[in-house]
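Student: Structure supplied as protein-v4.cif; contents: mmCIF, N, CA and C atoms.
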```cif
data_entry
loop_
_atom_site.group_PDB
_atom_site.id
_atom_site.type_symbol
_atom_site.label_atom_id
_atom_site.label_comp_id
_atom_site.auth_asym_id
_atom_site.auth_seq_id
_atom_site.Cartn_x
_atom_site.Cartn_y
_atom_site.Cartn_z
ATOM 1 N N MET I 1 17.258 55.153 -25.250
ATOM 2 C CA MET I 1 18.125 54.608 -24.223
ATOM 3 C C MET I 1 18.123 55.581 -23.038
ATOM 4 N N THR I 2 17.941 55.032 -21.850
ATOM 5 C CA THR I 2 17.938 55.861 -20.652
ATOM 6 C C THR I 2 19.370 56.266 -20.293
ATOM 7 N N LYS I 3 19.485 57.222 -19.379
ATOM 8 C CA LYS I 3 20.812 57.645 -18.930
ATOM 9 C C LYS I 3 21.576 56.487 -18.296
ATOM 10 N N ASP I 4 20.873 55.677 -17.496
ATOM 11 C CA ASP I 4 21.525 54.528 -16.864
ATOM 12 C C ASP I 4 21.993 53.510 -17.889
ATOM 13 N N GLU I 5 21.165 53.264 -18.905
ATOM 14 C CA GLU I 5 21.552 52.327 -19.965
ATOM 15 C C GLU I 5 22.742 52.872 -20.746
ATOM 16 N N GLN I 6 22.738 54.163 -21.019
ATOM 17 C CA GLN I 6 23.851 54.782 -21.747
ATOM 18 C C GLN I 6 25.131 54.710 -20.929
ATOM 19 N N ARG I 7 25.005 54.959 -19.629
ATOM 20 C CA ARG I 7 26.169 54.893 -18.745
ATOM 21 C C ARG I 7 26.734 53.476 -18.726
ATOM 22 N N ALA I 8 25.851 52.493 -18.602
ATOM 23 C CA ALA I 8 26.298 51.098 -18.617
ATOM 24 C C ALA I 8 26.963 50.763 -19.943
ATOM 25 N N SER I 9 26.372 51.205 -21.034
ATOM 26 C CA SER I 9 26.932 50.958 -22.361
ATOM 27 C C SER I 9 28.317 51.581 -22.496
ATOM 28 N N ASP I 10 28.481 52.785 -21.980
ATOM 29 C CA ASP I 10 29.784 53.459 -22.025
ATOM 30 C C ASP I 10 30.837 52.679 -21.236
ATOM 31 N N PHE I 11 30.448 52.187 -20.047
ATOM 32 C CA PHE I 11 31.377 51.398 -19.243
ATOM 33 C C PHE I 11 31.736 50.094 -19.939
ATOM 34 N N ILE I 12 30.757 49.450 -20.537
ATOM 35 C CA ILE I 12 31.004 48.194 -21.254
ATOM 36 C C ILE I 12 31.962 48.430 -22.409
ATOM 37 N N ALA I 13 31.745 49.489 -23.167
ATOM 38 C CA ALA I 13 32.621 49.800 -24.305
ATOM 39 C C ALA I 13 34.043 50.095 -23.840
ATOM 40 N N ALA I 14 34.180 50.851 -22.762
ATOM 41 C CA ALA I 14 35.511 51.170 -22.239
ATOM 42 C C ALA I 14 36.220 49.907 -21.754
ATOM 43 N N CYS I 15 35.483 49.056 -21.056
ATOM 44 C CA CYS I 15 36.048 47.800 -20.567
ATOM 45 C C CYS I 15 36.500 46.924 -21.736
ATOM 46 N N ALA I 16 35.649 46.801 -22.738
ATOM 47 C CA ALA I 16 35.982 45.973 -23.902
ATOM 48 C C ALA I 16 37.227 46.490 -24.609
ATOM 49 N N LYS I 17 37.340 47.802 -24.717
ATOM 50 C CA LYS I 17 38.503 48.396 -25.378
ATOM 51 C C LYS I 17 39.789 48.081 -24.609
ATOM 52 N N GLU I 18 39.739 48.239 -23.285
ATOM 53 C CA GLU I 18 40.912 47.962 -22.463
ATOM 54 C C GLU I 18 41.280 46.484 -22.499
ATOM 55 N N VAL I 19 40.278 45.617 -22.365
ATOM 56 C CA VAL I 19 40.528 44.175 -22.354
ATOM 57 C C VAL I 19 41.057 43.718 -23.712
ATOM 58 N N SER I 20 40.512 44.257 -24.789
ATOM 59 C CA SER I 20 40.990 43.891 -26.123
ATOM 60 C C SER I 20 42.465 44.222 -26.283
ATOM 61 N N ALA I 21 42.876 45.353 -25.760
ATOM 62 C CA ALA I 21 44.290 45.736 -25.847
ATOM 63 C C ALA I 21 45.166 44.709 -25.126
ATOM 64 N N HIS I 22 44.722 44.256 -23.960
ATOM 65 C CA HIS I 22 45.480 43.231 -23.230
ATOM 66 C C HIS I 22 45.515 41.921 -24.005
ATOM 67 N N ILE I 23 44.390 41.524 -24.540
ATOM 68 C CA ILE I 23 44.309 40.270 -25.297
ATOM 69 C C ILE I 23 45.234 40.325 -26.503
ATOM 70 N N LEU I 24 45.236 41.436 -27.201
ATOM 71 C CA LEU I 24 46.092 41.571 -28.384
ATOM 72 C C LEU I 24 47.573 41.541 -28.005
ATOM 73 N N ARG I 25 47.920 42.090 -26.847
ATOM 74 C CA ARG I 25 49.311 42.013 -26.390
ATOM 75 C C ARG I 25 49.716 40.559 -26.132
ATOM 76 N N TYR I 26 48.799 39.780 -25.536
ATOM 77 C CA TYR I 26 49.079 38.353 -25.330
ATOM 78 C C TYR I 26 49.294 37.655 -26.672
ATOM 79 N N ALA I 27 48.467 37.970 -27.643
ATOM 80 C CA ALA I 27 48.619 37.363 -28.968
ATOM 81 C C ALA I 27 49.974 37.711 -29.559
ATOM 82 N N ASP I 28 50.355 38.975 -29.443
ATOM 83 C CA ASP I 28 51.649 39.406 -29.976
ATOM 84 C C ASP I 28 52.802 38.694 -29.275
ATOM 85 N N GLU I 29 52.720 38.599 -27.938
ATOM 86 C CA GLU I 29 53.778 37.933 -27.173
ATOM 87 C C GLU I 29 53.897 36.460 -27.548
ATOM 88 N N ALA I 30 52.772 35.846 -27.880
ATOM 89 C CA ALA I 30 52.770 34.430 -28.253
ATOM 90 C C ALA I 30 53.075 34.231 -29.731
ATOM 91 N N GLY I 31 53.142 35.324 -30.484
ATOM 92 C CA GLY I 31 53.411 35.214 -31.914
ATOM 93 C C GLY I 31 52.247 34.620 -32.683
ATOM 94 N N LEU I 32 51.032 34.847 -32.184
ATOM 95 C CA LEU I 32 49.833 34.291 -32.812
ATOM 96 C C LEU I 32 49.086 35.362 -33.588
ATOM 97 N N ASP I 33 48.250 34.918 -34.505
ATOM 98 C CA ASP I 33 47.418 35.828 -35.285
ATOM 99 C C ASP I 33 46.478 36.570 -34.339
ATOM 100 N N ARG I 34 46.528 37.895 -34.371
ATOM 101 C CA ARG I 34 45.764 38.712 -33.435
ATOM 102 C C ARG I 34 44.262 38.488 -33.566
ATOM 103 N N SER I 35 43.748 38.468 -34.782
ATOM 104 C CA SER I 35 42.299 38.331 -34.988
ATOM 105 C C SER I 35 41.794 36.983 -34.501
ATOM 106 N N SER I 36 42.480 35.935 -34.867
ATOM 107 C CA SER I 36 42.067 34.587 -34.442
ATOM 108 C C SER I 36 42.143 34.445 -32.931
ATOM 109 N N PHE I 37 43.194 34.976 -32.346
ATOM 110 C CA PHE I 37 43.365 34.892 -30.901
ATOM 111 C C PHE I 37 42.239 35.643 -30.187
ATOM 112 N N LEU I 38 41.916 36.828 -30.663
ATOM 113 C CA LEU I 38 40.843 37.629 -30.063
ATOM 114 C C LEU I 38 39.498 36.916 -30.157
ATOM 115 N N VAL I 39 39.213 36.324 -31.304
ATOM 116 C CA VAL I 39 37.960 35.574 -31.472
ATOM 117 C C VAL I 39 37.931 34.369 -30.534
ATOM 118 N N SER I 40 39.049 33.663 -30.413
ATOM 119 C CA SER I 40 39.094 32.496 -29.523
ATOM 120 C C SER I 40 38.853 32.898 -28.073
ATOM 121 N N VAL I 41 39.483 33.966 -27.631
ATOM 122 C CA VAL I 41 39.286 34.423 -26.252
ATOM 123 C C VAL I 41 37.848 34.873 -26.050
ATOM 124 N N ALA I 42 37.286 35.581 -27.024
ATOM 125 C CA ALA I 42 35.899 36.028 -26.916
ATOM 126 C C ALA I 42 34.938 34.840 -26.809
ATOM 127 N N ALA I 43 35.217 33.794 -27.569
ATOM 128 C CA ALA I 43 34.366 32.602 -27.521
ATOM 129 C C ALA I 43 34.437 31.939 -26.148
ATOM 130 N N VAL I 44 35.627 31.861 -25.581
ATOM 131 C CA VAL I 44 35.778 31.270 -24.250
ATOM 132 C C VAL I 44 35.066 32.129 -23.204
ATOM 133 N N LEU I 45 35.194 33.440 -23.322
ATOM 134 C CA LEU I 45 34.510 34.327 -22.374
ATOM 135 C C LEU I 45 32.992 34.205 -22.483
ATOM 136 N N ALA I 46 32.482 34.135 -23.705
ATOM 137 C CA ALA I 46 31.034 33.976 -23.893
ATOM 138 C C ALA I 46 30.568 32.647 -23.310
ATOM 139 N N SER I 47 31.329 31.599 -23.537
ATOM 140 C CA SER I 47 30.974 30.286 -22.983
ATOM 141 C C SER I 47 31.004 30.308 -21.458
ATOM 142 N N SER I 48 32.003 30.954 -20.907
ATOM 143 C CA SER I 48 32.104 31.068 -19.455
ATOM 144 C C SER I 48 30.946 31.874 -18.878
ATOM 145 N N ALA I 49 30.571 32.936 -19.576
ATOM 146 C CA ALA I 49 29.450 33.759 -19.117
ATOM 147 C C ALA I 49 28.156 32.951 -19.111
ATOM 148 N N LEU I 50 27.956 32.155 -20.136
ATOM 149 C CA LEU I 50 26.755 31.311 -20.184
ATOM 150 C C LEU I 50 26.790 30.252 -19.086
ATOM 151 N N ALA I 51 27.946 29.659 -18.871
ATOM 152 C CA ALA I 51 28.063 28.614 -17.853
ATOM 153 C C ALA I 51 27.808 29.159 -16.451
ATOM 154 N N ALA I 52 28.080 30.436 -16.249
ATOM 155 C CA ALA I 52 27.902 31.038 -14.930
ATOM 156 C C ALA I 52 26.460 31.479 -14.657
ATOM 157 N N GLN I 53 25.613 31.409 -15.665
ATOM 158 C CA GLN I 53 24.226 31.870 -15.507
ATOM 159 C C GLN I 53 23.393 30.857 -14.734
ATOM 160 N N PRO I 54 22.512 31.367 -13.872
ATOM 161 C CA PRO I 54 21.539 30.457 -13.262
ATOM 162 C C PRO I 54 20.639 29.894 -14.356
ATOM 163 N N GLU I 55 20.127 28.711 -14.151
ATOM 164 C CA GLU I 55 19.323 28.025 -15.168
ATOM 165 C C GLU I 55 18.180 28.895 -15.691
ATOM 166 N N ASP I 56 17.535 29.648 -14.800
ATOM 167 C CA ASP I 56 16.380 30.450 -15.214
ATOM 168 C C ASP I 56 16.768 31.681 -16.031
ATOM 169 N N GLN I 57 18.054 32.018 -16.074
ATOM 170 C CA GLN I 57 18.509 33.166 -16.860
ATOM 171 C C GLN I 57 19.327 32.768 -18.083
ATOM 172 N N LEU I 58 19.538 31.479 -18.244
ATOM 173 C CA LEU I 58 20.386 30.988 -19.324
ATOM 174 C C LEU I 58 19.856 31.357 -20.702
ATOM 175 N N SER I 59 18.569 31.192 -20.914
ATOM 176 C CA SER I 59 17.980 31.506 -22.214
ATOM 177 C C SER I 59 18.128 32.984 -22.552
ATOM 178 N N ALA I 60 17.864 33.840 -21.586
ATOM 179 C CA ALA I 60 17.979 35.284 -21.822
ATOM 180 C C ALA I 60 19.423 35.684 -22.106
ATOM 181 N N ALA I 61 20.363 35.089 -21.370
ATOM 182 C CA ALA I 61 21.770 35.393 -21.590
ATOM 183 C C ALA I 61 22.213 34.926 -22.972
ATOM 184 N N SER I 62 21.772 33.745 -23.358
ATOM 185 C CA SER I 62 22.101 33.221 -24.676
ATOM 186 C C SER I 62 21.535 34.121 -25.779
ATOM 187 N N HIS I 63 20.308 34.553 -25.602
ATOM 188 C CA HIS I 63 19.675 35.442 -26.576
ATOM 189 C C HIS I 63 20.443 36.766 -26.665
ATOM 190 N N HIS I 64 20.876 37.277 -25.533
ATOM 191 C CA HIS I 64 21.625 38.538 -25.507
ATOM 192 C C HIS I 64 22.929 38.407 -26.299
ATOM 193 N N ILE I 65 23.637 37.302 -26.106
ATOM 194 C CA ILE I 65 24.883 37.080 -26.843
ATOM 195 C C ILE I 65 24.605 36.929 -28.337
ATOM 196 N N GLN I 66 23.559 36.168 -28.686
ATOM 197 C CA GLN I 66 23.197 35.999 -30.099
ATOM 198 C C GLN I 66 22.837 37.336 -30.738
ATOM 199 N N LYS I 67 22.119 38.166 -30.005
ATOM 200 C CA LYS I 67 21.730 39.481 -30.517
ATOM 201 C C LYS I 67 22.966 40.346 -30.750
ATOM 202 N N ALA I 68 23.896 40.316 -29.804
ATOM 203 C CA ALA I 68 25.129 41.091 -29.954
ATOM 204 C C ALA I 68 25.932 40.613 -31.157
ATOM 205 N N LEU I 69 26.028 39.311 -31.332
ATOM 206 C CA LEU I 69 26.750 38.782 -32.491
ATOM 207 C C LEU I 69 26.032 39.111 -33.789
ATOM 208 N N GLY I 70 24.714 39.049 -33.764
ATOM 209 C CA GLY I 70 23.931 39.404 -34.943
ATOM 210 C C GLY I 70 24.122 40.857 -35.331
ATOM 211 N N LEU I 71 24.246 41.706 -34.340
ATOM 212 C CA LEU I 71 24.464 43.123 -34.602
ATOM 213 C C LEU I 71 25.768 43.325 -35.351
ATOM 214 N N ILE I 72 26.797 42.625 -34.934
ATOM 215 C CA ILE I 72 28.087 42.733 -35.608
ATOM 216 C C ILE I 72 27.967 42.267 -37.055
ATOM 217 N N HIS I 73 27.289 41.155 -37.260
ATOM 218 C CA HIS I 73 27.115 40.643 -38.617
ATOM 219 C C HIS I 73 26.299 41.618 -39.461
ATOM 220 N N CYS I 74 25.269 42.216 -38.878
ATOM 221 C CA CYS I 74 24.453 43.184 -39.619
ATOM 222 C C CYS I 74 25.289 44.386 -40.017
ATOM 223 N N LEU I 75 26.092 44.895 -39.090
ATOM 224 C CA LEU I 75 26.935 46.044 -39.399
ATOM 225 C C LEU I 75 27.941 45.699 -40.479
ATOM 226 N N ARG I 76 28.500 44.494 -40.401
ATOM 227 C CA ARG I 76 29.469 44.066 -41.401
ATOM 228 C C ARG I 76 28.783 43.924 -42.763
ATOM 229 N N ASP I 77 27.582 43.321 -42.779
ATOM 230 C CA ASP I 77 26.849 43.160 -44.032
ATOM 231 C C ASP I 77 26.530 44.518 -44.651
ATOM 232 N N GLU I 78 26.136 45.496 -43.821
ATOM 233 C CA GLU I 78 25.843 46.839 -44.324
ATOM 234 C C GLU I 78 27.093 47.486 -44.900
ATOM 235 N N ALA I 79 28.232 47.316 -44.224
ATOM 236 C CA ALA I 79 29.475 47.875 -44.720
ATOM 237 C C ALA I 79 29.886 47.233 -46.027
ATOM 238 N N ASP I 80 29.746 45.908 -46.117
ATOM 239 C CA ASP I 80 30.080 45.188 -47.354
ATOM 240 C C ASP I 80 29.194 45.653 -48.499
ATOM 241 N N THR I 81 27.907 45.843 -48.207
ATOM 242 C CA THR I 81 26.966 46.311 -49.224
ATOM 243 C C THR I 81 27.331 47.710 -49.693
ATOM 244 N N ALA I 82 27.700 48.569 -48.747
ATOM 245 C CA ALA I 82 28.086 49.945 -49.095
ATOM 246 C C ALA I 82 29.343 49.965 -49.962
ATOM 247 N N VAL I 83 30.319 49.122 -49.622
ATOM 248 C CA VAL I 83 31.549 49.051 -50.409
ATOM 249 C C VAL I 83 31.246 48.550 -51.806
ATOM 250 N N ALA I 84 30.407 47.510 -51.910
ATOM 251 C CA ALA I 84 30.055 46.958 -53.219
ATOM 252 C C ALA I 84 29.303 47.999 -54.044
ATOM 253 N N SER I 85 28.418 48.767 -53.404
ATOM 254 C CA SER I 85 27.662 49.782 -54.119
ATOM 255 C C SER I 85 28.566 50.892 -54.629
ATOM 256 N N ASN I 86 29.534 51.282 -53.814
ATOM 257 C CA ASN I 86 30.452 52.339 -54.202
ATOM 258 C C ASN I 86 31.418 51.877 -55.294
ATOM 259 N N ALA I 87 31.735 50.596 -55.300
ATOM 260 C CA ALA I 87 32.644 50.062 -56.311
ATOM 261 C C ALA I 87 31.973 49.973 -57.670
ATOM 262 N N GLY I 88 30.627 49.797 -57.665
ATOM 263 C CA GLY I 88 29.880 49.617 -58.896
ATOM 264 C C GLY I 88 29.511 50.899 -59.479
#
```
Go through the file and emit its structure as structure tokens.

Tutor:
Amino acid sequence: MTKDEQRASDFIAACAKEVSAHILRYADEAGLDRSSFLVSVAAVLASSALAAQPEDQLSAASHHIQKALGLIHCLRDEADTAVASNAG
């Protein structure tokens, strides 16, 4: 990863952390389940991001979102496997 990519990644992570805190406060104020509310907002944001893409960039943007979601699933699967291995 280049310095510019790392810098962008750091900004994205910081932004996500701050925005998540705001989203969770909204969930708390509404008396809603925090996890479900966060997932719902994330889905709307992802849909909005795709809708805002020019037609020629739509496929790449969609692939980027799928890759990011896949990464989360891979990390979760690895964690689940590690827990199962340690339990056995």

Student: To one decimal place in Å, what is the distance between CA of Arg25 (chain I) and CA of Val41 (chain I)?

Tutor: 12.6 Å

Student: Just the number, please: distance in Å from CA of Ser40 (chain I) to CA of Ala14 (chain I), one decimal.

Tutor: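 Taking CA of Ser40 (chain I) and CA of Ala14 (chain I), their separation equals 20.4 Å.
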
Student: Could you pull the residues within 12 Å of Ala42 (chain I), counting only C-alpha atoms, minus those fewer than 3 positions along the same chain, as a list in words?

Tutor: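 Counting only the stated atoms, we get Ala16, Val19, Ser20, Ile23, Leu24, Ser35, Ser36, Phe37, Leu38, Val39, Leu45, Ala46, Ser47, Ser48, Ala49, Ile65 and Leu69 of chain I.
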
Student: Could the residues in this selection be saved with N, CA and C atoms as a short mmCIF file (atom, residue, chain, number, x, y, z; two decimals), in the coordinates of the input?

Tutor:
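The resulting file, out01.cif, is reproduced below:
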```cif
data_model
loop_
_atom_site.label_atom_id
_atom_site.label_comp_id
_atom_site.auth_asym_id
_atom_site.auth_seq_id
_atom_site.Cartn_x
_atom_site.Cartn_y
_atom_site.Cartn_z
N ALA I 16 35.65 46.80 -22.74
CA ALA I 16 35.98 45.97 -23.90
C ALA I 16 37.23 46.49 -24.61
N VAL I 19 40.28 45.62 -22.36
CA VAL I 19 40.53 44.18 -22.35
C VAL I 19 41.06 43.72 -23.71
N SER I 20 40.51 44.26 -24.79
CA SER I 20 40.99 43.89 -26.12
C SER I 20 42.46 44.22 -26.28
N ILE I 23 44.39 41.52 -24.54
CA ILE I 23 44.31 40.27 -25.30
C ILE I 23 45.23 40.33 -26.50
N LEU I 24 45.24 41.44 -27.20
CA LEU I 24 46.09 41.57 -28.38
C LEU I 24 47.57 41.54 -28.00
N SER I 35 43.75 38.47 -34.78
CA SER I 35 42.30 38.33 -34.99
C SER I 35 41.79 36.98 -34.50
N SER I 36 42.48 35.94 -34.87
CA SER I 36 42.07 34.59 -34.44
C SER I 36 42.14 34.44 -32.93
N PHE I 37 43.19 34.98 -32.35
CA PHE I 37 43.36 34.89 -30.90
C PHE I 37 42.24 35.64 -30.19
N LEU I 38 41.92 36.83 -30.66
CA LEU I 38 40.84 37.63 -30.06
C LEU I 38 39.50 36.92 -30.16
N VAL I 39 39.21 36.32 -31.30
CA VAL I 39 37.96 35.57 -31.47
C VAL I 39 37.93 34.37 -30.53
N LEU I 45 35.19 33.44 -23.32
CA LEU I 45 34.51 34.33 -22.37
C LEU I 45 32.99 34.20 -22.48
N ALA I 46 32.48 34.14 -23.70
CA ALA I 46 31.03 33.98 -23.89
C ALA I 46 30.57 32.65 -23.31
N SER I 47 31.33 31.60 -23.54
CA SER I 47 30.97 30.29 -22.98
C SER I 47 31.00 30.31 -21.46
N SER I 48 32.00 30.95 -20.91
CA SER I 48 32.10 31.07 -19.45
C SER I 48 30.95 31.87 -18.88
N ALA I 49 30.57 32.94 -19.58
CA ALA I 49 29.45 33.76 -19.12
C ALA I 49 28.16 32.95 -19.11
N ILE I 65 23.64 37.30 -26.11
CA ILE I 65 24.88 37.08 -26.84
C ILE I 65 24.60 36.93 -28.34
N LEU I 69 26.03 39.31 -31.33
CA LEU I 69 26.75 38.78 -32.49
C LEU I 69 26.03 39.11 -33.79
#
```

Student: What gap, in Å, lies between CA of Arg34 (chain I) and CA of His63 (chain I)?

Tutor: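 Spanning CA of Arg34 (chain I) to CA of His63 (chain I) is a straight-line distance of 27.2 Å.
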